[in-house]
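Asks: Data file input21.pdb (PDB, C-alpha atoms) is appended below.
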```pdb
MODEL        1
ATOM      1  CA  MET I   1      57.421   1.640  88.311
ATOM      2  CA  ASP I   2      55.226   0.601  91.198
ATOM      3  CA  LEU I   3      52.746   2.713  93.138
ATOM      4  CA  ALA I   4      55.142   3.338  96.022
ATOM      5  CA  ALA I   5      57.771   4.671  93.607
ATOM      6  CA  ILE I   6      55.198   6.910  91.932
ATOM      7  CA  ARG I   7      54.089   8.284  95.302
ATOM      8  CA  ARG I   8      57.707   8.973  96.300
ATOM      9  CA  THR I   9      58.417  10.757  93.032
ATOM     10  CA  TYR I  10      55.389  13.020  93.276
ATOM     11  CA  ARG I  11      55.990  13.723  96.954
ATOM     12  CA  ARG I  12      59.276  15.188  95.721
ATOM     13  CA  TYR I  13      57.595  17.063  92.852
ATOM     14  CA  ALA I  14      54.585  18.455  94.723
ATOM     15  CA  GLY I  15      56.175  21.660  96.038
ATOM     16  CA  HIS I  16      57.627  22.742  92.693
ATOM     17  CA  TYR I  17      55.307  21.039  90.232
ATOM     18  CA  ASP I  18      53.279  24.065  89.135
ATOM     19  CA  MET I  19      56.324  26.224  88.540
ATOM     20  CA  VAL I  20      58.414  23.601  86.759
ATOM     21  CA  PHE I  21      55.813  21.589  84.847
ATOM     22  CA  GLY I  22      52.872  24.000  84.689
ATOM     23  CA  PRO I  23      53.919  25.995  81.601
ATOM     24  CA  VAL I  24      55.220  22.943  79.691
ATOM     25  CA  PHE I  25      52.020  21.000  80.143
ATOM     26  CA  HIS I  26      49.570  23.892  79.870
ATOM     27  CA  PRO I  27      48.777  23.762  76.111
ATOM     28  CA  GLY I  28      47.841  20.090  76.424
ATOM     29  CA  ARG I  29      45.714  20.671  79.501
ATOM     30  CA  ARG I  30      43.898  23.518  77.806
ATOM     31  CA  MET I  31      43.273  21.422  74.706
ATOM     32  CA  ALA I  32      41.857  18.491  76.696
ATOM     33  CA  VAL I  33      39.660  20.693  78.886
ATOM     34  CA  GLU I  34      38.347  22.607  75.852
ATOM     35  CA  THR I  35      37.309  19.296  74.337
ATOM     36  CA  ALA I  36      35.671  18.237  77.605
ATOM     37  CA  ASN I  37      33.978  21.648  77.896
ATOM     38  CA  GLN I  38      32.101  21.369  74.608
ATOM     39  CA  ARG I  39      28.820  20.368  76.192
ATOM     40  CA  PRO I  40      27.338  21.674  79.465
ATOM     41  CA  GLY I  41      26.125  19.717  82.453
ATOM     42  CA  ARG I  42      28.494  16.846  82.083
ATOM     43  CA  ARG I  43      30.195  14.890  84.824
ATOM     44  CA  ILE I  44      33.920  14.628  84.321
ATOM     45  CA  LEU I  45      36.502  12.442  86.001
ATOM     46  CA  GLU I  46      40.074  13.653  85.863
ATOM     47  CA  VAL I  47      42.439  10.745  86.504
ATOM     48  CA  GLY I  48      45.771  11.955  87.877
ATOM     49  CA  VAL I  49      44.442  15.401  88.770
ATOM     50  CA  GLY I  50      47.735  16.174  90.536
ATOM     51  CA  THR I  51      47.994  19.714  91.882
ATOM     52  CA  GLY I  52      44.742  20.631  90.121
ATOM     53  CA  LEU I  53      46.300  22.846  87.425
ATOM     54  CA  SER I  54      43.421  22.134  85.038
ATOM     55  CA  LEU I  55      40.576  22.532  87.548
ATOM     56  CA  PRO I  56      40.078  26.309  87.013
ATOM     57  CA  LEU I  57      39.819  25.733  83.230
ATOM     58  CA  TYR I  58      36.581  23.712  83.344
ATOM     59  CA  ARG I  59      33.238  25.396  82.659
ATOM     60  CA  LYS I  60      31.407  26.193  85.850
ATOM     61  CA  ASP I  61      28.402  24.119  84.762
ATOM     62  CA  ILE I  62      30.537  20.989  84.467
ATOM     63  CA  GLN I  63      30.992  18.839  87.559
ATOM     64  CA  VAL I  64      34.511  17.613  88.088
ATOM     65  CA  THR I  65      35.848  14.788  90.240
ATOM     66  CA  GLY I  66      39.608  14.358  90.493
ATOM     67  CA  ILE I  67      41.698  11.422  91.686
ATOM     68  CA  ASP I  68      45.409  11.036  92.294
ATOM     69  CA  ILE I  69      47.721   8.618  94.090
ATOM     70  CA  SER I  70      49.832  11.348  95.706
ATOM     71  CA  PRO I  71      48.390  12.954  98.854
ATOM     72  CA  GLU I  72      50.932  15.782  98.599
ATOM     73  CA  MET I  73      49.786  16.656  95.075
ATOM     74  CA  LEU I  74      46.129  16.417  96.119
ATOM     75  CA  ALA I  75      46.764  18.807  99.038
ATOM     76  CA  LYS I  76      47.859  21.412  96.478
ATOM     77  CA  ALA I  77      44.727  20.749  94.421
ATOM     78  CA  ARG I  78      42.563  21.186  97.511
ATOM     79  CA  GLU I  79      44.209  24.583  98.174
ATOM     80  CA  LYS I  80      43.381  25.705  94.622
ATOM     81  CA  VAL I  81      39.757  24.614  94.960
ATOM     82  CA  ALA I  82      39.412  26.599  98.195
ATOM     83  CA  GLU I  83      41.327  29.708  97.088
ATOM     84  CA  GLN I  84      39.588  29.976  93.720
ATOM     85  CA  GLN I  85      36.214  28.822  95.050
ATOM     86  CA  LEU I  86      35.864  26.146  92.397
ATOM     87  CA  GLU I  87      32.405  25.005  93.409
ATOM     88  CA  ASN I  88      32.047  22.726  90.396
ATOM     89  CA  VAL I  89      34.782  20.474  91.784
ATOM     90  CA  GLU I  90      32.667  17.822  93.477
ATOM     91  CA  ALA I  91      35.399  15.733  95.052
ATOM     92  CA  LEU I  92      39.095  14.980  95.196
ATOM     93  CA  LEU I  93      40.074  11.436  96.154
ATOM     94  CA  GLU I  94      43.230   9.464  96.776
ATOM     95  CA  MET I  95      42.995   6.466  94.486
ATOM     96  CA  ASP I  96      44.957   4.191  92.144
ATOM     97  CA  ALA I  97      44.367   5.127  88.493
ATOM     98  CA  GLU I  98      44.318   1.408  87.659
ATOM     99  CA  ALA I  99      41.624   0.682  90.264
ATOM    100  CA  LEU I 100      38.981   3.395  89.977
ATOM    101  CA  GLU I 101      36.622   2.875  92.915
ATOM    102  CA  PHE I 102      33.493   4.094  91.121
ATOM    103  CA  GLU I 103      30.407   2.352  89.793
ATOM    104  CA  ASP I 104      30.316   1.565  86.069
ATOM    105  CA  ASN I 105      29.070   4.385  83.797
ATOM    106  CA  SER I 106      29.591   7.102  86.410
ATOM    107  CA  PHE I 107      31.013   9.846  84.172
ATOM    108  CA  ASP I 108      30.300  11.394  80.756
ATOM    109  CA  VAL I 109      33.937  12.237  80.106
ATOM    110  CA  VAL I 110      37.067  10.649  81.578
ATOM    111  CA  VAL I 111      40.333  12.551  81.150
ATOM    112  CA  ALA I 112      43.918  11.492  81.896
ATOM    113  CA  MET I 113      46.653  14.026  81.288
ATOM    114  CA  TYR I 114      50.275  12.954  81.476
ATOM    115  CA  VAL I 115      49.263   9.760  83.278
ATOM    116  CA  ALA I 116      49.434   6.924  80.730
ATOM    117  CA  SER I 117      53.232   6.680  80.769
ATOM    118  CA  VAL I 118      53.385   6.988  84.548
ATOM    119  CA  VAL I 119      51.178   4.054  85.571
ATOM    120  CA  PRO I 120      52.637   0.522  85.627
ATOM    121  CA  ASN I 121      49.890  -0.939  83.371
ATOM    122  CA  PRO I 122      48.444   1.439  80.757
ATOM    123  CA  ASP I 123      46.054  -1.318  79.600
ATOM    124  CA  ARG I 124      44.460  -1.503  83.024
ATOM    125  CA  LEU I 125      44.241   2.281  83.213
ATOM    126  CA  MET I 126      42.437   2.340  79.888
ATOM    127  CA  ALA I 127      40.087  -0.512  80.863
ATOM    128  CA  GLU I 128      39.157   1.272  84.081
ATOM    129  CA  MET I 129      38.617   4.606  82.302
ATOM    130  CA  ARG I 130      36.286   2.870  79.847
ATOM    131  CA  ARG I 131      34.394   1.075  82.603
ATOM    132  CA  VAL I 132      33.530   4.221  84.576
ATOM    133  CA  CYS I 133      32.691   6.155  81.393
ATOM    134  CA  VAL I 134      29.144   5.981  79.989
ATOM    135  CA  PRO I 135      28.602   4.253  76.624
ATOM    136  CA  ASP I 136      29.286   6.779  73.858
ATOM    137  CA  GLY I 137      31.098   8.934  76.401
ATOM    138  CA  GLU I 138      34.461  10.470  75.734
ATOM    139  CA  ILE I 139      37.907   9.410  76.871
ATOM    140  CA  LEU I 140      40.695  11.946  76.516
ATOM    141  CA  ILE I 141      44.338  11.092  77.001
ATOM    142  CA  ILE I 142      47.197  13.542  76.845
ATOM    143  CA  ASN I 143      50.517  11.849  76.765
ATOM    144  CA  HIS I 144      53.982  11.878  75.375
ATOM    145  CA  PHE I 145      54.412   9.139  72.830
ATOM    146  CA  ALA I 146      57.711   7.881  71.530
ATOM    147  CA  SER I 147      59.010  10.081  68.769
ATOM    148  CA  GLU I 148      59.204   8.865  65.192
ATOM    149  CA  ASN I 149      62.287  11.013  64.721
ATOM    150  CA  PRO I 150      65.307   8.631  64.989
ATOM    151  CA  VAL I 151      67.451  11.121  66.927
ATOM    152  CA  LEU I 152      64.754  11.838  69.519
ATOM    153  CA  ARG I 153      63.856   8.162  69.645
ATOM    154  CA  GLY I 154      67.487   7.395  70.514
ATOM    155  CA  LEU I 155      67.423  10.012  73.265
ATOM    156  CA  GLU I 156      64.235   8.536  74.699
ATOM    157  CA  ARG I 157      65.798   5.074  74.760
ATOM    158  CA  THR I 158      68.803   6.542  76.567
ATOM    159  CA  LEU I 159      66.515   8.089  79.159
ATOM    160  CA  LYS I 160      64.580   4.889  79.721
ATOM    161  CA  PRO I 161      66.698   3.637  82.664
ATOM    162  CA  LEU I 162      65.953   6.968  84.381
ATOM    163  CA  SER I 163      62.182   6.421  84.261
ATOM    164  CA  LYS I 164      62.030   5.818  88.014
ATOM    165  CA  MET I 165      63.637   9.153  88.748
ATOM    166  CA  LEU I 166      61.721  11.048  86.065
ATOM    167  CA  GLY I 167      58.417   9.587  87.198
ATOM    168  CA  PHE I 168      57.385   8.527  83.698
ATOM    169  CA  HIS I 169      58.453   6.312  80.817
ATOM    170  CA  PRO I 170      59.911   8.498  78.067
ATOM    171  CA  ASP I 171      59.512   5.911  75.315
ATOM    172  CA  MET I 172      55.867   4.787  75.345
ATOM    173  CA  ALA I 173      54.503   4.140  71.855
ATOM    174  CA  LEU I 174      51.119   5.465  70.757
ATOM    175  CA  ASP I 175      50.245   1.896  69.812
ATOM    176  CA  ALA I 176      50.594   0.912  73.479
ATOM    177  CA  LEU I 177      47.116   2.408  73.877
ATOM    178  CA  PRO I 178      44.253   0.457  72.344
ATOM    179  CA  ASP I 179      42.441   1.357  69.161
ATOM    180  CA  GLU I 180      39.614  -1.148  69.161
ATOM    181  CA  PRO I 181      36.398  -1.265  67.155
ATOM    182  CA  ASP I 182      34.329  -0.753  70.305
ATOM    183  CA  CYS I 183      36.451   2.161  71.510
ATOM    184  CA  PRO I 184      37.794   3.906  68.426
ATOM    185  CA  ARG I 185      40.191   6.799  68.373
ATOM    186  CA  VAL I 186      38.223   9.685  66.916
ATOM    187  CA  GLY I 187      41.186  12.020  66.883
ATOM    188  CA  VAL I 188      44.892  12.326  67.538
ATOM    189  CA  HIS I 189      45.978  15.939  67.929
ATOM    190  CA  ARG I 190      49.280  17.597  68.621
ATOM    191  CA  ALA I 191      49.081  19.347  71.941
ATOM    192  CA  ASN I 192      52.057  21.618  71.359
ATOM    193  CA  ILE I 193      54.146  22.933  68.523
ATOM    194  CA  PHE I 194      56.659  20.098  68.575
ATOM    195  CA  GLY I 195      54.036  17.393  68.772
ATOM    196  CA  TYR I 196      55.888  15.950  71.735
ATOM    197  CA  TRP I 197      52.573  15.732  73.589
ATOM    198  CA  LYS I 198      49.499  14.403  71.878
ATOM    199  CA  LEU I 199      45.822  14.430  72.720
ATOM    200  CA  VAL I 200      44.206  11.089  71.913
ATOM    201  CA  HIS I 201      40.430  11.314  71.808
ATOM    202  CA  TYR I 202      38.361   8.120  72.101
ATOM    203  CA  ARG I 203      34.653   7.478  71.840
ATOM    204  CA  ASN I 204      33.691   4.823  74.352
ATOM    205  CA  GLY I 205      31.718   1.793  73.058
ATOM    206  CA  PRO I 206      29.249   0.863  71.642
ATOM    207  CA  ALA I 207      31.140   1.423  68.438
ATOM    208  CA  ALA I 208      30.772   4.846  66.894
ATOM    209  CA  ASN I 209      29.795   4.302  63.278
ATOM    210  CA  GLY I 210      32.161   5.490  60.624
ATOM    211  CA  ALA I 211      34.397   7.403  62.986
ATOM    212  CA  ASP I 212      37.486   8.097  60.956
ATOM    213  CA  VAL I 213      40.674   8.939  62.734
ATOM    214  CA  VAL I 214      41.400  12.618  62.266
ATOM    215  CA  ASP I 215      45.121  13.145  62.453
ATOM    216  CA  SER I 216      45.878  16.817  62.758
ATOM    217  CA  GLN I 217      49.624  16.449  62.541
ATOM    218  CA  VAL I 218      51.014  19.124  60.287
ATOM    219  CA  GLY I 219      54.656  18.238  59.970
ATOM    220  CA  PRO I 220      57.387  15.780  60.901
ATOM    221  CA  ASP I 221      57.467  14.819  64.553
TER     222      ASP I 221
ATOM    223  CA  MET A 222      30.116  14.172 102.301
ATOM    224  CA  ASN A 223      28.632  14.824  98.900
ATOM    225  CA  ARG A 224      25.531  12.666  98.330
ATOM    226  CA  LYS A 225      26.209  12.337  94.624
ATOM    227  CA  LEU A 226      29.702  11.047  95.397
ATOM    228  CA  LEU A 227      28.334   8.375  97.742
ATOM    229  CA  ASP A 228      26.052   7.231  94.922
ATOM    230  CA  ILE A 229      28.997   6.325  92.683
ATOM    231  CA  LEU A 230      31.800   5.512  95.138
ATOM    232  CA  VAL A 231      32.499   1.827  95.890
ATOM    233  CA  CYS A 232      34.596  -0.158  98.377
ATOM    234  CA  PRO A 233      38.018  -1.011  96.886
ATOM    235  CA  ILE A 234      37.640  -4.641  98.056
ATOM    236  CA  CYS A 235      34.045  -5.757  97.524
ATOM    237  CA  LYS A 236      32.917  -2.931  95.188
ATOM    238  CA  GLY A 237      29.832  -2.446  97.369
ATOM    239  CA  ARG A 238      28.455   0.895  98.519
ATOM    240  CA  LEU A 239      30.003   2.809 101.420
ATOM    241  CA  THR A 240      28.415   4.756 104.232
ATOM    242  CA  TRP A 241      29.657   8.121 105.470
ATOM    243  CA  GLU A 242      30.231   8.145 109.216
ATOM    244  CA  SER A 243      30.428  11.824 110.045
ATOM    245  CA  GLY A 244      31.401  11.228 113.700
ATOM    246  CA  ALA A 245      34.454   9.176 112.781
ATOM    247  CA  GLY A 246      35.052  11.146 109.580
ATOM    248  CA  GLU A 247      35.391   7.881 107.684
ATOM    249  CA  LEU A 248      33.786   5.895 104.903
ATOM    250  CA  HIS A 249      32.685   2.495 106.150
ATOM    251  CA  CYS A 250      32.189  -0.785 104.352
ATOM    252  CA  ARG A 251      30.242  -3.029 106.704
ATOM    253  CA  ALA A 252      30.607  -6.080 104.463
ATOM    254  CA  CYS A 253      34.412  -5.871 104.635
ATOM    255  CA  ARG A 254      34.490  -4.412 108.191
ATOM    256  CA  LEU A 255      36.759  -1.662 106.932
ATOM    257  CA  ALA A 256      36.938   2.083 107.495
ATOM    258  CA  TYR A 257      38.525   4.289 104.844
ATOM    259  CA  PRO A 258      39.952   7.542 106.188
ATOM    260  CA  VAL A 259      38.970  10.970 104.870
ATOM    261  CA  ARG A 260      41.939  13.292 105.339
ATOM    262  CA  ASP A 261      41.374  17.032 104.921
ATOM    263  CA  GLY A 262      38.221  16.240 102.990
ATOM    264  CA  ILE A 263      39.992  13.783 100.665
ATOM    265  CA  PRO A 264      38.756  10.161 100.902
ATOM    266  CA  VAL A 265      41.635   7.684 100.761
ATOM    267  CA  MET A 266      40.362   4.776  98.685
ATOM    268  CA  LEU A 267      43.256   2.395  99.283
ATOM    269  CA  GLU A 268      43.079  -0.968 101.059
ATOM    270  CA  ASP A 269      46.448  -0.410 102.741
ATOM    271  CA  GLU A 270      45.201   2.763 104.414
ATOM    272  CA  ALA A 271      41.955   1.257 105.712
ATOM    273  CA  ARG A 272      41.319   0.376 109.346
ATOM    274  CA  THR A 273      39.474  -2.717 110.548
ATOM    275  CA  LEU A 274      36.257  -1.917 112.394
ATOM    276  CA  SER A 275      36.041  -3.298 115.916
ATOM    277  CA  VAL A 276      33.222  -5.569 117.070
ATOM    278  CA  GLU A 277      31.914  -2.642 119.173
ATOM    279  CA  GLU A 278      31.842  -0.364 116.151
ATOM    280  CA  MET A 279      30.014  -2.998 114.124
ATOM    281  CA  GLU A 280      27.446  -3.272 116.942
ATOM    282  CA  GLN A 281      27.057   0.514 117.253
ATOM    283  CA  ASN A 282      26.464   1.022 113.571
ATOM    284  CA  LYS A 283      23.757  -1.609 113.320
TER     285      LYS A 283
ENDMDL
END
```
What does this structure look like when you write it as structure tokens?
Replies:
Amino acid sequence: MDLAAIRRTYRRYAGHYDMVFGPVFHPGRRMAVETANQRPGRRILEVGVGTGLSLPLYRKDIQVTGIDISPEMLAKAREKVAEQQLENVEALLEMDAEALEFEDNSFDVVVAMYVASVVPNPDRLMAEMRRVCVPDGEILIINHFASENPVLRGLERTLKPLSKMLGFHPDMALDALPDEPDCPRVGVHRANIFGYWKLVHYRNGPAANGADVVDSQVGPD
Amino acid sequence: MNRKLLDILVCPICKGRLTWESGAGELHCRACRLAYPVRDGIPVMLEDEARTLSVEEMEQNK
């Protein structure tokens, strides 16, 4: 899917997004923001901020910048910031998630929720998130990853040709995201009861010593 | 325009710093001669949406 297709899809979604997708995605959003909220005074970048559903969840002493490729989605986010007087939201910008127009090391935490399977090149997304994140900072990704259950996996493969219409790839594997020594996964958590959405928590390089992957899965996917 | 934002924001082409032109309501990159629009307070950081600065504008902003 190219950028133009993504923009078209989300232009269509913008008006109904909160009602249709809000409740489904909320547990994951809450989980990611709670992780980001653990320390005060941090600067956070939310990549793919969309209609700004997560913005009210951040601590007021955390400064948030949000980017998205869809102006229609961003307009909704701007309304939320104004209506709810979210003064800790420093800026909203229209930008490509794979080309973050910020200096290196600009943010303490970089979050992407439901973005990794939307962008054309997840590797580039990840490289950009790491670049703008400070060393030892945190990178949080909420995404759907291909199921290990054969029946669901089959369904996801069936849906694959519809990815343009859906606005995301239903069959992205967790391994499509890097797990490198200089940017280890420090946790993979289920973001809802079915484990359909997962929170992948990275520590940005330099390498965190002895960071074992904590897998909080409690049952079959 | 938020000062702290200008400290971290870069031009999509040359990755240099931008200046906020409050009169035009745009972010300018003099090196690239480009103006990035700010629509309803939202900077549009995309090359395709940028406007080329005229010679007059380059002179004015010296």
Asks: I'd like to see the residues matched by the PyMOL selection byres ((chain I and resi 37) around 10) on this file, and ideally I'd get them as a list of chain:residue names.
Replies: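 For this structure, the PyMOL selection byres ((chain I and resi 37) around 10) resolves to I:Met31, I:Ala32, I:Val33, I:Glu34, I:Thr35, I:Ala36, I:Gln38, I:Arg39, I:Pro40, I:Gly41, I:Arg42, I:Ile44, I:Leu57, I:Tyr58, I:Arg59, I:Lys60, I:Asp61, I:Ile62, I:Val109.
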Asks: Determine, for each residue of chain A having at least one atom at most 12 Å from an atom of chain I, the closest pair of atoms and their separation in Å to one decimal, counting all atoms listed in the file; order by chain and ascending number, as CSV.
Replies:
```
residue,atom,partner,partner_atom,distance
A:Met222,CA,I:Ala91,CA,9.1
A:Asn223,CA,I:Glu90,CA,7.4
A:Arg224,CA,I:Glu90,CA,10.1
A:Lys225,CA,I:Glu90,CA,8.6
A:Leu226,CA,I:Ala91,CA,7.4
A:Leu227,CA,I:Phe102,CA,9.4
A:Asp228,CA,I:Glu103,CA,8.3
A:Ile229,CA,I:Glu103,CA,5.1
A:Leu230,CA,I:Phe102,CA,4.6
A:Val231,CA,I:Glu101,CA,5.2
A:Cys232,CA,I:Glu101,CA,6.6
A:Pro233,CA,I:Glu101,CA,5.7
A:Ile234,CA,I:Glu101,CA,9.2
A:Cys235,CA,I:Glu101,CA,10.1
A:Lys236,CA,I:Glu101,CA,7.3
A:Gly237,CA,I:Glu103,CA,9.0
A:Arg238,CA,I:Glu103,CA,9.1
A:Leu239,CA,I:Glu101,CA,10.8
A:Tyr257,CA,I:Glu94,CA,10.7
A:Pro258,CA,I:Glu94,CA,10.2
A:Val259,CA,I:Leu93,CA,8.8
A:Arg260,CA,I:Pro71,CA,9.2
A:Asp261,CA,I:Ala75,CA,8.2
A:Gly262,CA,I:Leu92,CA,7.9
A:Ile263,CA,I:Leu93,CA,5.1
A:Pro264,CA,I:Leu93,CA,5.1
A:Val265,CA,I:Glu94,CA,4.6
A:Met266,CA,I:Met95,CA,5.2
A:Leu267,CA,I:Met95,CA,6.3
A:Glu268,CA,I:Met95,CA,9.9
A:Asp269,CA,I:Met95,CA,11.3
A:Glu270,CA,I:Glu94,CA,10.4
```
Asks: Report as a PyMOL selection string the full result of the PyMOL selection byres ((chain I and resi 202) around 12) when it is applied to this structure.
Replies: chain I and resi 32+35-36+109-112+126+129-130+133+135-142+177-189+199-201+203-208+211-214
Asks: As an exercise, work out the distance from atom CA of I:Val47 to atom CA of I:Met113 in Å and give it to one decimal place.
Replies: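 Straight-line distance from atom CA of I:Val47 to atom CA of I:Met113 works out to 7.5 Å.
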Asks: When distances are computed from all atoms listed in the file, which of I:Val151, I:Met73, I:Ala191, I:Met172 shows the smallest separation from I:Arg11?
Replies: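 Result for the nearest residue to I:Arg11: I:Met73.
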Asks: Some atoms are missing, so please complete stretch 93-101 of chain I with all heavy atoms and return it as a short mmCIF file (atom, residue, chain, number, x, y, z; two decimals), in the coordinates of the input.
Replies:
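Result file follows (result-v1.cif):
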```cif
data_model
loop_
_atom_site.label_atom_id
_atom_site.label_comp_id
_atom_site.auth_asym_id
_atom_site.auth_seq_id
_atom_site.Cartn_x
_atom_site.Cartn_y
_atom_site.Cartn_z
N LEU I 93 39.89 12.70 95.43
CA LEU I 93 40.07 11.44 96.15
C LEU I 93 41.44 10.85 95.89
O LEU I 93 41.99 11.00 94.79
CB LEU I 93 39.02 10.41 95.73
CG LEU I 93 37.56 10.82 95.84
CD1 LEU I 93 37.00 11.12 94.46
CD2 LEU I 93 36.74 9.74 96.51
N GLU I 94 41.97 10.17 96.93
CA GLU I 94 43.23 9.46 96.78
C GLU I 94 42.90 8.06 96.29
O GLU I 94 42.18 7.31 96.96
CB GLU I 94 43.94 9.42 98.13
CG GLU I 94 45.41 9.06 98.05
CD GLU I 94 46.07 9.15 99.42
OE1 GLU I 94 45.74 10.06 100.22
OE2 GLU I 94 46.90 8.27 99.72
N MET I 95 43.42 7.70 95.12
CA MET I 95 43.00 6.47 94.49
C MET I 95 44.03 6.04 93.46
O MET I 95 44.76 6.87 92.92
CB MET I 95 41.65 6.76 93.78
CG MET I 95 40.77 5.59 93.49
SD MET I 95 39.27 6.12 92.62
CE MET I 95 38.20 6.68 93.95
N ASP I 96 44.07 4.75 93.17
CA ASP I 96 44.96 4.19 92.14
C ASP I 96 44.27 4.34 90.78
O ASP I 96 43.13 3.89 90.62
CB ASP I 96 45.20 2.72 92.50
CG ASP I 96 46.08 2.00 91.49
OD1 ASP I 96 46.49 2.62 90.48
OD2 ASP I 96 46.35 0.80 91.71
N ALA I 97 44.95 4.92 89.83
CA ALA I 97 44.37 5.13 88.49
C ALA I 97 43.99 3.80 87.82
O ALA I 97 43.14 3.77 86.95
CB ALA I 97 45.35 5.89 87.61
N GLU I 98 44.62 2.72 88.25
CA GLU I 98 44.32 1.41 87.66
C GLU I 98 43.22 0.67 88.42
O GLU I 98 42.87 -0.46 88.07
CB GLU I 98 45.59 0.55 87.64
CG GLU I 98 46.63 1.09 86.70
CD GLU I 98 47.87 0.20 86.65
OE1 GLU I 98 47.81 -0.94 87.13
OE2 GLU I 98 48.89 0.67 86.14
N ALA I 99 42.73 1.28 89.49
CA ALA I 99 41.62 0.68 90.26
C ALA I 99 40.69 1.82 90.67
O ALA I 99 40.73 2.30 91.79
CB ALA I 99 42.17 -0.05 91.49
N LEU I 100 39.88 2.26 89.73
CA LEU I 100 38.98 3.40 89.98
C LEU I 100 37.80 2.88 90.80
O LEU I 100 37.06 2.01 90.34
CB LEU I 100 38.52 4.00 88.65
CG LEU I 100 39.66 4.56 87.77
CD1 LEU I 100 39.11 5.02 86.43
CD2 LEU I 100 40.39 5.70 88.47
N GLU I 101 37.65 3.41 92.01
CA GLU I 101 36.62 2.88 92.92
C GLU I 101 35.29 3.59 92.71
O GLU I 101 34.73 4.22 93.61
CB GLU I 101 37.10 2.96 94.37
CG GLU I 101 38.49 2.42 94.62
CD GLU I 101 38.72 0.96 94.21
OE1 GLU I 101 37.75 0.28 93.81
OE2 GLU I 101 39.87 0.51 94.28
#
```
